[in-house]
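**Student:** Pasting final.pdb here (PDB, C-alpha atoms):
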```pdb
ATOM      1  CA  MET A   1      -0.392  18.837  -0.316
ATOM      2  CA  ASP A   2      -0.858  16.079   2.152
ATOM      3  CA  GLU A   3       0.588  16.874   5.467
ATOM      4  CA  TYR A   4       1.231  14.078   7.850
ATOM      5  CA  ILE A   5       1.376  14.316  11.544
ATOM      6  CA  THR A   6       4.170  12.121  12.611
ATOM      7  CA  PRO A   7       2.686  10.040  15.368
ATOM      8  CA  VAL A   8       5.060  10.023  18.220
ATOM      9  CA  LYS A   9       7.567   7.359  17.390
ATOM     10  CA  MET A  10       7.443   4.530  19.814
ATOM     11  CA  PRO A  11      10.375   5.052  22.075
ATOM     12  CA  ASP A  12      12.238   2.458  23.968
ATOM     13  CA  VAL A  13       9.701   1.430  26.542
ATOM     14  CA  SER A  14      12.251   1.705  29.301
ATOM     15  CA  THR A  15      12.562   5.437  28.829
ATOM     16  CA  PRO A  16      10.197   7.980  30.308
ATOM     17  CA  TYR A  17       8.591   9.624  27.362
ATOM     18  CA  ASP A  18       5.455  11.466  28.341
ATOM     19  CA  SER A  19       6.980  14.860  28.647
ATOM     20  CA  ASP A  20       9.372  14.095  25.840
ATOM     21  CA  LEU A  21       6.547  13.259  23.539
ATOM     22  CA  LEU A  22       4.697  16.475  23.963
ATOM     23  CA  SER A  23       7.801  18.593  23.986
ATOM     24  CA  LYS A  24       8.868  17.059  20.676
ATOM     25  CA  SER A  25       5.476  17.468  19.140
ATOM     26  CA  PRO A  26       5.437  20.443  16.787
ATOM     27  CA  HIS A  27       1.799  20.971  17.616
ATOM     28  CA  VAL A  28       2.285  21.874  21.237
ATOM     29  CA  HIS A  29       3.249  25.327  22.376
ATOM     30  CA  ALA A  30       6.821  25.120  23.469
ATOM     31  CA  SER A  31       6.219  27.859  25.969
ATOM     32  CA  ASN A  32       3.707  25.851  27.897
ATOM     33  CA  GLN A  33       4.314  22.177  27.665
ATOM     34  CA  THR A  34       1.994  21.398  30.503
ATOM     35  CA  GLU A  35      -0.916  22.479  28.374
ATOM     36  CA  LEU A  36      -2.922  19.440  27.445
ATOM     37  CA  PHE A  37      -5.139  21.135  24.961
ATOM     38  CA  PRO A  38      -2.910  23.049  22.625
ATOM     39  CA  ASP A  39      -4.435  25.560  20.313
ATOM     40  CA  ILE A  40      -4.297  23.565  17.133
ATOM     41  CA  ASP A  41      -6.787  22.359  14.626
ATOM     42  CA  ASN A  42      -6.322  18.666  13.959
ATOM     43  CA  THR A  43      -9.886  18.134  12.811
ATOM     44  CA  ASN A  44      -9.954  15.060  10.538
ATOM     45  CA  ARG A  45      -6.241  15.381  10.104
ATOM     46  CA  ASN A  46      -5.146  11.798  10.619
ATOM     47  CA  PHE A  47      -8.453  10.006  10.648
ATOM     48  CA  LYS A  48     -12.051  10.887  10.036
ATOM     49  CA  GLY A  49     -13.603  12.073  13.272
ATOM     50  CA  GLN A  50     -10.408  13.381  14.805
ATOM     51  CA  GLN A  51     -11.208  16.302  17.068
ATOM     52  CA  LYS A  52      -9.797  19.784  17.040
ATOM     53  CA  ASN A  53      -7.211  19.417  19.776
ATOM     54  CA  GLU A  54      -6.694  15.717  19.447
ATOM     55  CA  ILE A  55      -3.122  14.550  19.026
ATOM     56  CA  VAL A  56      -2.305  11.081  17.762
ATOM     57  CA  TYR A  57       0.283   9.610  20.120
ATOM     58  CA  CYS A  58       0.714   6.344  18.317
ATOM     59  CA  PHE A  59      -1.118   3.782  16.276
ATOM     60  CA  SER A  60      -0.794   0.126  15.594
ATOM     61  CA  ARG A  61      -2.058  -2.590  13.356
ATOM     62  CA  LYS A  62      -2.789  -6.143  14.256
ATOM     63  CA  HIS A  63       0.051  -8.621  14.554
ATOM     64  CA  TRP A  64       1.367 -10.077  11.302
ATOM     65  CA  ILE A  65       0.620 -13.590  12.524
ATOM     66  CA  LEU A  66      -2.932 -13.050  11.262
ATOM     67  CA  LEU A  67      -1.638 -13.078   7.701
ATOM     68  CA  VAL A  68       0.515 -16.188   7.975
ATOM     69  CA  PRO A  69      -2.230 -18.628   6.849
ATOM     70  CA  HIS A  70      -2.869 -16.498   3.766
ATOM     71  CA  PHE A  71       0.812 -16.396   2.859
ATOM     72  CA  ILE A  72       0.994 -20.168   3.254
ATOM     73  CA  GLY A  73      -2.013 -20.449   0.939
ATOM     74  CA  LEU A  74      -0.342 -18.178  -1.613
ATOM     75  CA  LEU A  75       2.860 -20.228  -1.565
ATOM     76  CA  THR A  76       0.800 -23.394  -2.034
ATOM     77  CA  ILE A  77      -1.000 -21.920  -5.031
ATOM     78  CA  ILE A  78       2.284 -20.784  -6.577
ATOM     79  CA  GLY A  79       3.670 -24.288  -6.040
ATOM     80  CA  LEU A  80       0.630 -25.832  -7.735
ATOM     81  CA  ILE A  81       0.934 -23.496 -10.730
ATOM     82  CA  ILE A  82       4.623 -24.316 -11.141
ATOM     83  CA  GLY A  83       3.757 -27.993 -10.732
ATOM     84  CA  TYR A  84       1.104 -27.723 -13.437
ATOM     85  CA  PHE A  85       3.511 -26.324 -16.003
ATOM     86  CA  SER A  86       6.245 -28.780 -15.096
ATOM     87  CA  MET A  87       3.915 -31.767 -15.438
ATOM     88  CA  ALA A  88       2.756 -31.090 -18.991
ATOM     89  CA  PRO A  89       3.354 -34.672 -20.330
ATOM     90  CA  VAL A  90       1.309 -36.192 -17.524
ATOM     91  CA  LEU A  91      -1.497 -33.687 -18.071
ATOM     92  CA  SER A  92      -1.674 -34.442 -21.796
ATOM     93  CA  GLY A  93      -2.270 -38.085 -20.868
ATOM     94  CA  ILE A  94      -5.089 -37.025 -18.512
ATOM     95  CA  LYS A  95      -6.534 -34.818 -21.250
ATOM     96  CA  GLN A  96      -6.710 -37.766 -23.644
ATOM     97  CA  PHE A  97      -8.215 -39.934 -20.952
ATOM     98  CA  LEU A  98     -10.951 -37.482 -19.936
ATOM     99  CA  SER A  99     -11.702 -35.969 -23.340
ATOM    100  CA  ALA A 100     -10.794 -32.379 -24.162
ATOM    101  CA  GLU A 101     -14.128 -30.839 -23.219
ATOM    102  CA  ILE A 102     -14.214 -32.196 -19.681
ATOM    103  CA  TYR A 103     -10.541 -31.443 -19.200
ATOM    104  CA  HIS A 104     -10.987 -27.802 -20.221
ATOM    105  CA  ALA A 105     -14.081 -27.451 -18.065
ATOM    106  CA  ILE A 106     -12.087 -28.662 -15.066
ATOM    107  CA  ILE A 107      -9.205 -26.346 -15.927
ATOM    108  CA  PHE A 108     -11.591 -23.401 -16.227
ATOM    109  CA  ILE A 109     -13.113 -24.105 -12.824
ATOM    110  CA  LEU A 110      -9.617 -24.291 -11.334
ATOM    111  CA  LEU A 111      -8.713 -20.985 -13.005
ATOM    112  CA  CYS A 112     -11.763 -19.348 -11.454
ATOM    113  CA  MET A 113     -10.841 -20.710  -8.029
ATOM    114  CA  VAL A 114      -7.238 -19.525  -8.235
ATOM    115  CA  THR A 115      -8.348 -16.113  -9.508
ATOM    116  CA  PHE A 116     -10.726 -15.832  -6.579
ATOM    117  CA  PHE A 117      -7.966 -16.856  -4.176
ATOM    118  CA  LEU A 118      -5.491 -14.289  -5.553
ATOM    119  CA  HIS A 119      -7.994 -11.471  -5.191
ATOM    120  CA  SER A 120      -8.955 -12.701  -1.760
ATOM    121  CA  PHE A 121      -5.300 -12.760  -0.686
ATOM    122  CA  PHE A 122      -4.646  -9.160  -1.696
ATOM    123  CA  ILE A 123      -7.922  -7.925  -0.227
ATOM    124  CA  ARG A 124      -7.032  -9.546   3.092
ATOM    125  CA  VAL A 125      -3.604  -7.916   3.049
ATOM    126  CA  PHE A 126      -5.190  -4.540   2.333
ATOM    127  CA  ASN A 127      -7.693  -5.127   5.109
ATOM    128  CA  TYR A 128      -4.802  -5.836   7.441
ATOM    129  CA  TYR A 129      -3.426  -2.375   6.723
ATOM    130  CA  LEU A 130      -6.825  -0.723   7.187
ATOM    131  CA  GLN A 131      -7.494  -2.062  10.662
ATOM    132  CA  ILE A 132      -5.857   0.386  12.997
ATOM    133  CA  PHE A 133      -5.742   0.935  16.703
ATOM    134  CA  ILE A 134      -5.013   4.566  17.649
ATOM    135  CA  ILE A 135      -4.080   6.129  20.967
ATOM    136  CA  THR A 136      -4.663   9.867  21.209
ATOM    137  CA  ASN A 137      -4.567  12.299  24.101
ATOM    138  CA  PHE A 138      -8.373  11.973  24.438
ATOM    139  CA  ARG A 139      -9.277   8.433  23.593
ATOM    140  CA  ILE A 140      -8.528   5.081  22.089
ATOM    141  CA  VAL A 141      -9.929   4.559  18.631
ATOM    142  CA  GLU A 142     -10.230   1.208  16.940
ATOM    143  CA  LEU A 143     -10.928   1.362  13.225
ATOM    144  CA  GLY A 144     -12.185  -1.985  12.023
ATOM    145  CA  HIS A 145     -12.444  -1.084   8.370
ATOM    146  CA  THR A 146     -12.233  -3.414   5.444
ATOM    147  CA  LEU A 147     -12.087  -2.579   1.774
ATOM    148  CA  TYR A 148     -15.636  -3.687   0.945
ATOM    149  CA  PHE A 149     -17.702  -5.031   3.775
ATOM    150  CA  THR A 150     -17.045  -3.347   7.110
ATOM    151  CA  ARG A 151     -16.717   0.192   8.339
ATOM    152  CA  ASP A 152     -16.644  -0.207  12.107
ATOM    153  CA  SER A 153     -15.231   2.422  14.421
ATOM    154  CA  ASP A 154     -14.988   2.151  18.156
ATOM    155  CA  SER A 155     -13.864   4.880  20.497
ATOM    156  CA  ILE A 156     -13.232   4.805  24.225
ATOM    157  CA  HIS A 157     -12.498   7.942  26.128
ATOM    158  CA  ILE A 158      -9.434   7.706  28.313
ATOM    159  CA  ASP A 159     -11.542   8.738  31.318
ATOM    160  CA  ASP A 160     -13.891   5.819  30.807
ATOM    161  CA  ILE A 161     -11.224   3.170  31.176
ATOM    162  CA  GLN A 162     -11.254   1.861  34.684
ATOM    163  CA  GLU A 163      -8.928  -1.059  34.287
ATOM    164  CA  ILE A 164      -6.708  -2.381  31.586
ATOM    165  CA  GLU A 165      -5.299  -5.874  31.246
ATOM    166  CA  VAL A 166      -2.928  -7.603  28.894
ATOM    167  CA  HIS A 167      -3.629 -11.206  28.026
ATOM    168  CA  GLN A 168      -0.650 -12.908  26.495
ATOM    169  CA  ASN A 169      -1.071 -16.589  27.138
ATOM    170  CA  GLY A 170       0.603 -19.401  25.272
ATOM    171  CA  ILE A 171       3.991 -20.069  23.798
ATOM    172  CA  VAL A 172       3.187 -18.682  20.336
ATOM    173  CA  ARG A 173       1.922 -15.384  21.736
ATOM    174  CA  THR A 174       4.913 -15.072  24.003
ATOM    175  CA  ILE A 175       7.481 -15.896  21.324
ATOM    176  CA  PHE A 176       5.951 -13.608  18.716
ATOM    177  CA  ASN A 177       5.025 -11.002  21.315
ATOM    178  CA  TYR A 178       1.363 -10.354  20.707
ATOM    179  CA  GLY A 179      -1.764 -10.542  22.811
ATOM    180  CA  ASP A 180      -5.079  -8.996  23.732
ATOM    181  CA  LEU A 181      -5.704  -5.694  25.470
ATOM    182  CA  VAL A 182      -8.792  -5.879  27.647
ATOM    183  CA  MET A 183     -10.175  -2.577  28.831
ATOM    184  CA  THR A 184     -12.820  -2.544  31.536
ATOM    185  CA  LEU A 185     -14.976   0.509  31.309
ATOM    186  CA  SER A 186     -16.099   2.538  34.274
ATOM    187  CA  SER A 187     -19.732   2.198  33.245
ATOM    188  CA  GLY A 188     -20.216  -1.201  34.842
ATOM    189  CA  TYR A 189     -18.700  -4.468  33.774
ATOM    190  CA  ALA A 190     -18.502  -3.729  30.080
ATOM    191  CA  THR A 191     -15.190  -4.597  28.518
ATOM    192  CA  ASN A 192     -13.617  -3.791  25.233
ATOM    193  CA  THR A 193     -10.975  -6.124  23.860
ATOM    194  CA  VAL A 194      -8.466  -5.379  21.169
ATOM    195  CA  HIS A 195      -7.179  -8.650  19.771
ATOM    196  CA  TYR A 196      -3.811  -9.496  18.247
ATOM    197  CA  VAL A 197      -2.032  -6.389  19.487
ATOM    198  CA  PRO A 198       1.704  -6.518  18.749
ATOM    199  CA  ASN A 199       3.877  -5.713  21.740
ATOM    200  CA  PRO A 200       0.806  -5.380  24.004
ATOM    201  CA  HIS A 201       2.768  -4.400  27.101
ATOM    202  CA  TYR A 202       3.974  -1.306  25.336
ATOM    203  CA  TYR A 203       0.402  -0.233  24.599
ATOM    204  CA  PHE A 204      -0.634  -1.137  28.124
ATOM    205  CA  ARG A 205       1.990   1.254  29.484
ATOM    206  CA  LYS A 206       1.142   3.828  26.856
ATOM    207  CA  ILE A 207      -2.535   3.901  27.805
ATOM    208  CA  THR A 208      -1.692   3.989  31.489
ATOM    209  CA  LYS A 209       0.575   6.961  30.933
ATOM    210  CA  THR A 210      -2.014   8.727  28.832
ATOM    211  CA  GLN A 211      -4.547   8.207  31.610
ATOM    212  CA  ARG A 212      -2.127   9.575  34.167
ATOM    213  CA  GLN A 213      -1.416  12.522  31.929
ATOM    214  CA  ASP A 214      -5.132  13.122  31.558
ATOM    215  CA  ILE A 215      -5.521  13.213  35.325
ATOM    216  CA  TYR A 216      -2.402  15.043  36.449
ATOM    217  CA  GLY A 217      -1.404  16.970  33.373
ATOM    218  CA  ASN A 218       1.885  16.610  31.638
ATOM    219  CA  LEU A 219       3.949  17.016  34.747
ATOM    220  CA  PRO A 220       2.925  14.664  37.516
ATOM    221  CA  PRO A 221       2.640  15.986  41.046
ATOM    222  CA  ASN A 222       5.392  15.300  43.495
ATOM    223  CA  GLY A 223       5.476  11.737  44.611
ATOM    224  CA  VAL A 224       4.124  10.369  41.400
ATOM    225  CA  SER A 225       6.841   8.832  39.325
ATOM    226  CA  ASN A 226       7.123   9.843  35.726
ATOM    227  CA  ARG A 227       8.538   6.439  34.921
ATOM    228  CA  ILE A 228       6.433   3.421  34.319
TER
ATOM    229  CA  MET B   1     -14.178 -17.478 -30.815
ATOM    230  CA  GLY B   2     -15.419 -20.483 -28.875
ATOM    231  CA  THR B   3     -17.215 -20.660 -25.564
ATOM    232  CA  ARG B   4     -13.966 -21.337 -23.760
ATOM    233  CA  GLU B   5     -12.347 -18.150 -25.052
ATOM    234  CA  ILE B   6     -15.437 -16.057 -24.318
ATOM    235  CA  LEU B   7     -15.535 -17.309 -20.732
ATOM    236  CA  PHE B   8     -11.836 -16.602 -20.378
ATOM    237  CA  VAL B   9     -12.240 -13.029 -21.647
ATOM    238  CA  VAL B  10     -15.198 -12.440 -19.302
ATOM    239  CA  LEU B  11     -13.223 -13.801 -16.359
ATOM    240  CA  SER B  12     -10.236 -11.603 -17.236
ATOM    241  CA  ILE B  13     -12.354  -8.471 -17.587
ATOM    242  CA  ILE B  14     -14.050  -9.108 -14.244
ATOM    243  CA  SER B  15     -10.691  -9.792 -12.638
ATOM    244  CA  VAL B  16      -9.027  -6.631 -13.953
ATOM    245  CA  SER B  17     -12.080  -4.503 -13.126
ATOM    246  CA  PHE B  18     -12.151  -5.816  -9.589
ATOM    247  CA  THR B  19      -8.441  -5.073  -9.218
ATOM    248  CA  LEU B  20      -8.915  -1.495 -10.360
ATOM    249  CA  LEU B  21     -11.934  -1.018  -8.104
ATOM    250  CA  SER B  22     -10.047  -2.385  -5.105
ATOM    251  CA  LEU B  23      -7.071  -0.131  -5.739
ATOM    252  CA  TRP B  24      -9.348   2.873  -6.148
ATOM    253  CA  ARG B  25     -11.061   2.122  -2.841
ATOM    254  CA  LEU B  26      -7.729   1.524  -1.146
ATOM    255  CA  TYR B  27      -6.236   4.822  -2.234
ATOM    256  CA  SER B  28      -9.398   6.740  -1.400
ATOM    257  CA  TYR B  29      -9.075   5.279   2.088
ATOM    258  CA  ILE B  30      -5.394   6.199   2.309
ATOM    259  CA  ARG B  31      -6.235   9.777   1.384
ATOM    260  CA  ARG B  32      -8.679   9.979   4.292
ATOM    261  CA  TYR B  33      -6.538   8.240   6.907
ATOM    262  CA  LYS B  34      -3.091   9.708   6.954
ATOM    263  CA  PHE B  35      -0.640   8.062   9.249
ATOM    264  CA  ALA B  36       3.077   8.295   8.945
ATOM    265  CA  GLU B  37       4.331   4.766   8.854
ATOM    266  CA  SER B  38       7.242   3.718  10.934
ATOM    267  CA  GLU B  39       9.234   0.542  11.147
ATOM    268  CA  TYR B  40       6.896  -0.533  13.930
ATOM    269  CA  THR B  41       3.709  -0.393  11.932
ATOM    270  CA  LEU B  42       4.809  -1.986   8.651
ATOM    271  CA  LEU B  43       4.099  -5.595   7.896
ATOM    272  CA  PHE B  44       7.096  -7.643   9.104
ATOM    273  CA  GLY B  45       8.724  -4.323   9.915
ATOM    274  CA  PHE B  46       9.543  -3.367   6.335
ATOM    275  CA  VAL B  47       6.709  -4.117   3.876
ATOM    276  CA  HIS B  48       4.859  -0.979   2.747
ATOM    277  CA  LEU B  49       1.243  -1.044   1.707
ATOM    278  CA  HIS B  50       2.231   0.506  -1.633
ATOM    279  CA  TRP B  51       4.359  -2.533  -2.435
ATOM    280  CA  PHE B  52       1.271  -4.700  -2.276
ATOM    281  CA  ALA B  53      -0.716  -2.129  -4.217
ATOM    282  CA  VAL B  54       1.855  -2.338  -7.034
ATOM    283  CA  ALA B  55       2.188  -6.122  -6.815
ATOM    284  CA  TYR B  56      -1.568  -6.676  -7.002
ATOM    285  CA  PRO B  57      -2.175  -5.664 -10.663
ATOM    286  CA  ILE B  58       1.122  -7.237 -11.728
ATOM    287  CA  VAL B  59       0.201 -10.580 -10.163
ATOM    288  CA  ILE B  60      -3.275 -10.459 -11.656
ATOM    289  CA  LEU B  61      -1.938  -9.705 -15.149
ATOM    290  CA  LEU B  62       0.662 -12.458 -14.841
ATOM    291  CA  TRP B  63      -2.033 -14.833 -13.712
ATOM    292  CA  ILE B  64      -4.229 -13.929 -16.691
ATOM    293  CA  GLY B  65      -1.291 -14.730 -18.994
ATOM    294  CA  ALA B  66      -0.586 -17.994 -17.184
ATOM    295  CA  SER B  67      -4.242 -19.004 -17.201
ATOM    296  CA  TYR B  68      -4.428 -18.362 -20.948
ATOM    297  CA  LEU B  69      -1.481 -20.699 -21.432
ATOM    298  CA  MET B  70      -3.197 -23.295 -19.263
ATOM    299  CA  LEU B  71      -6.396 -22.982 -21.215
ATOM    300  CA  ILE B  72      -4.851 -23.349 -24.684
ATOM    301  CA  SER B  73      -2.527 -26.179 -23.721
TER
END
```
Kindly return the structure encoded in the file as C-alpha cells.

**Tutor:**
Amino acid sequence: MDEYITPVKMPDVSTPYDSDLLSKSPHVHASNQTELFPDIDNTNRNFKGQQKNEIVYCFSRKHWILLVPHFIGLLTIIGLIIGYFSMAPVLSGIKQFLSAEIYHAIIFILLCMVTFFLHSFFIRVFNYYLQIFIITNFRIVELGHTLYFTRDSDSIHIDDIQEIEVHQNGIVRTIFNYGDLVMTLSSGYATNTVHYVPNPHYYFRKITKTQRQDIYGNLPPNGVSNRI
Amino acid sequence: MGTREILFVVLSIISVSFTLLSLWRLYSYIRRYKFAESEYTLLFGFVHLHWFAVAYPIVILLWIGASYLMLIS
C-alpha cells in the first residue's frame, strides 16, 4: 500500500512554524523535538534518492503562468474545429474548387498537425506536474523531469547556500506572485536559480528558516527570534 | 480501403499507442515520486493530475472520431 508522507502543509507565512512543523510531523520523536535527525527510514519514500533521515518539508511546482500559452493554443484549436464543422457549405465549395484529392490531402495534413498539437499539449501539462522543487531538512532538490526527454535532478545542501535572493520584477510577476529564487553557493560565485517559483517569498523564508534550524537546531538560542 | 483510410487508421493507431505509452510512463513516475498534493501545489489550486490523465485518452478518442468525420465529409 502506498504510504504518503504529508509534506508539511504550507502555513500562513506570518506564523512561526519551525517548531510546529516538526512537532506535528509523525516522523519525529515527540519526546525530543529538538532532534534534527530522527530515527526514521525515509529512504526513497517521497522521491528517488531521498535519504534515511530526510524529511520533506514542502514542495512546489512551477507557476501556472507557464501553461497559459498552451491553454490559449488549445482553445484556438477547439475554436477552429468548431468553425470547421459550422462552415460545411463553404468547405464544400472549396472542395469543388480544389478537387477532392488535393482537398483531402490538405485535410489530412491538418489532422496530423492537430493530433500532434493535442499530444503536445497533454505532454506539456504532464511535464508541468513532474517538475518539482523540494525543500527537505538537508537540502533543496530540483527535479527537472519530463515524460520523455529529460531526467535532470539538482540538489543543494542547505549548508552550501551562502545567500538567497528573490527576483520578482515586473507587473505580471507581482500581480500573479511568482519569481525566481537565486541561491549563491558558498563554493565561490556559483549560483543556482529556480525559475517561475510561485509565492517565492514564502520559499525564501522557508529556506532561511531551514538553514537556521540546521545551524541552531529546532529551538534557536536566546536572542535569536523564532519568527521570520 | 483507399489510401486515405489506410493513412487515417495508421495515424489513429500511432495516436492511441502514444497516449497509452505516455500514461504508462506518467503513472510509473507517480509511483516513484509520492507527494501528497495540497491546494497549494495543484494547477490553478484545484486541478489534479489525474483529471488530465483521464481527459487525455477521452480527448484523443473524440479527436479521432471528429477527424474521421472531417475526412469523409

**Student:** Please produce, as CSV, a per-residue contact table for chain B versus chain A (criterion: any atom at most 9 Å away, all atoms listed in the file considered), showing the nearest atom pair and its distance in Å to one decimal, sorted by chain then residue number.

**Tutor:**
```
residue,atom,partner,partner_atom,distance
B:Arg4,CA,A:His104,CA,7.9
B:Leu7,CA,A:Phe108,CA,8.5
B:Phe8,CA,A:Phe108,CA,8.0
B:Leu11,CA,A:Cys112,CA,7.5
B:Ser15,CA,A:Thr115,CA,7.4
B:Phe18,CA,A:His119,CA,8.3
B:Thr19,CA,A:His119,CA,7.6
B:Ser22,CA,A:Leu147,CA,7.2
B:Arg25,CA,A:Leu147,CA,6.7
B:Leu26,CA,A:Leu147,CA,6.7
B:Tyr29,CA,A:Leu130,CA,8.2
B:Ile30,CA,A:Leu130,CA,8.6
B:Arg31,CA,A:Asp2,CA,8.3
B:Arg32,CA,A:Phe47,CA,6.4
B:Tyr33,CA,A:Phe47,CA,4.6
B:Lys34,CA,A:Asn46,CA,4.7
B:Phe35,CA,A:Asn46,CA,6.0
B:Ala36,CA,A:Thr6,CA,5.4
B:Glu37,CA,A:Thr6,CA,8.3
B:Ser38,CA,A:Lys9,CA,7.4
B:Tyr40,CA,A:Met10,CA,7.8
B:Thr41,CA,A:Ser60,CA,5.8
B:Leu42,CA,A:Arg61,CA,8.3
B:Leu43,CA,A:Trp64,CA,6.3
B:Phe44,CA,A:Trp64,CA,6.6
B:Leu49,CA,A:Tyr129,CA,7.0
B:Phe52,CA,A:Phe122,CA,7.4
B:Ala53,CA,A:Phe126,CA,8.3
B:Tyr56,CA,A:Phe122,CA,6.6
B:Val59,CA,A:Leu118,CA,8.2
B:Ile60,CA,A:Leu118,CA,7.5
B:Trp63,CA,A:Thr115,CA,7.7
B:Ile64,CA,A:Thr115,CA,8.6
B:Ala66,CA,A:Ile81,CA,8.6
B:Ser67,CA,A:Leu111,CA,6.4
B:Met70,CA,A:Ile107,CA,7.5
B:Leu71,CA,A:His104,CA,6.7
B:Ile72,CA,A:His104,CA,8.8
B:Ser73,CA,A:Ser92,CA,8.5
```

**Student:** In Å to one decimal, how far is atom CA of Tyr196 of chain A from atom CA of Arg139 of chain A?

**Tutor:**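 The value is 19.5 Å.
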
**Student:** One decimal, Å: what's the distance from atom CA of Val194 of chain A over to atom CA of Leu181 of chain A, could you say?

**Tutor:**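 Between atom CA of Val194 of chain A and atom CA of Leu181 of chain A the gap is 5.1 Å.
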
**Student:** From the list A:Ile140, A:Gly93, A:Phe71, A:Arg151, which residue is nearest Phe117 of chain A when using only C-alpha atoms?

**Tutor:**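 Answer, going by the shortest atom-to-atom distance: A:Phe71.
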
**Student:** Measuring between all atoms listed in the file, which one of A:Ile82, A:Ser120, A:Thr136, A:Pro89 shows the shortest distance to Lys52 of chain A?

**Tutor:** A:Thr136

**Student:** Between atom CA of Gly217 of chain A and atom CA of Ser153 of chain A, what distance in Å does the model show, to one decimal?

**Tutor:**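 Computing it gives 27.6 Å between the two atoms.
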
**Student:** Select all residues near (-8.8, 4.3, 14.2) (cut-off 6 Å, inclusive, file coordinates), counting all atoms listed in the file, and output them as a compact mmCIF listing (two decimals) with C-alpha atoms, keeping the file's coordinate frame.

**Tutor:**
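And here is the file that came out, result_4.txt:
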```
# COMPACT_ATOMS: atom_id res chain seq x y z
CA ILE A 132 -5.86 0.39 13.00
CA PHE A 133 -5.74 0.94 16.70
CA ILE A 134 -5.01 4.57 17.65
CA VAL A 141 -9.93 4.56 18.63
CA GLU A 142 -10.23 1.21 16.94
CA LEU A 143 -10.93 1.36 13.22
```
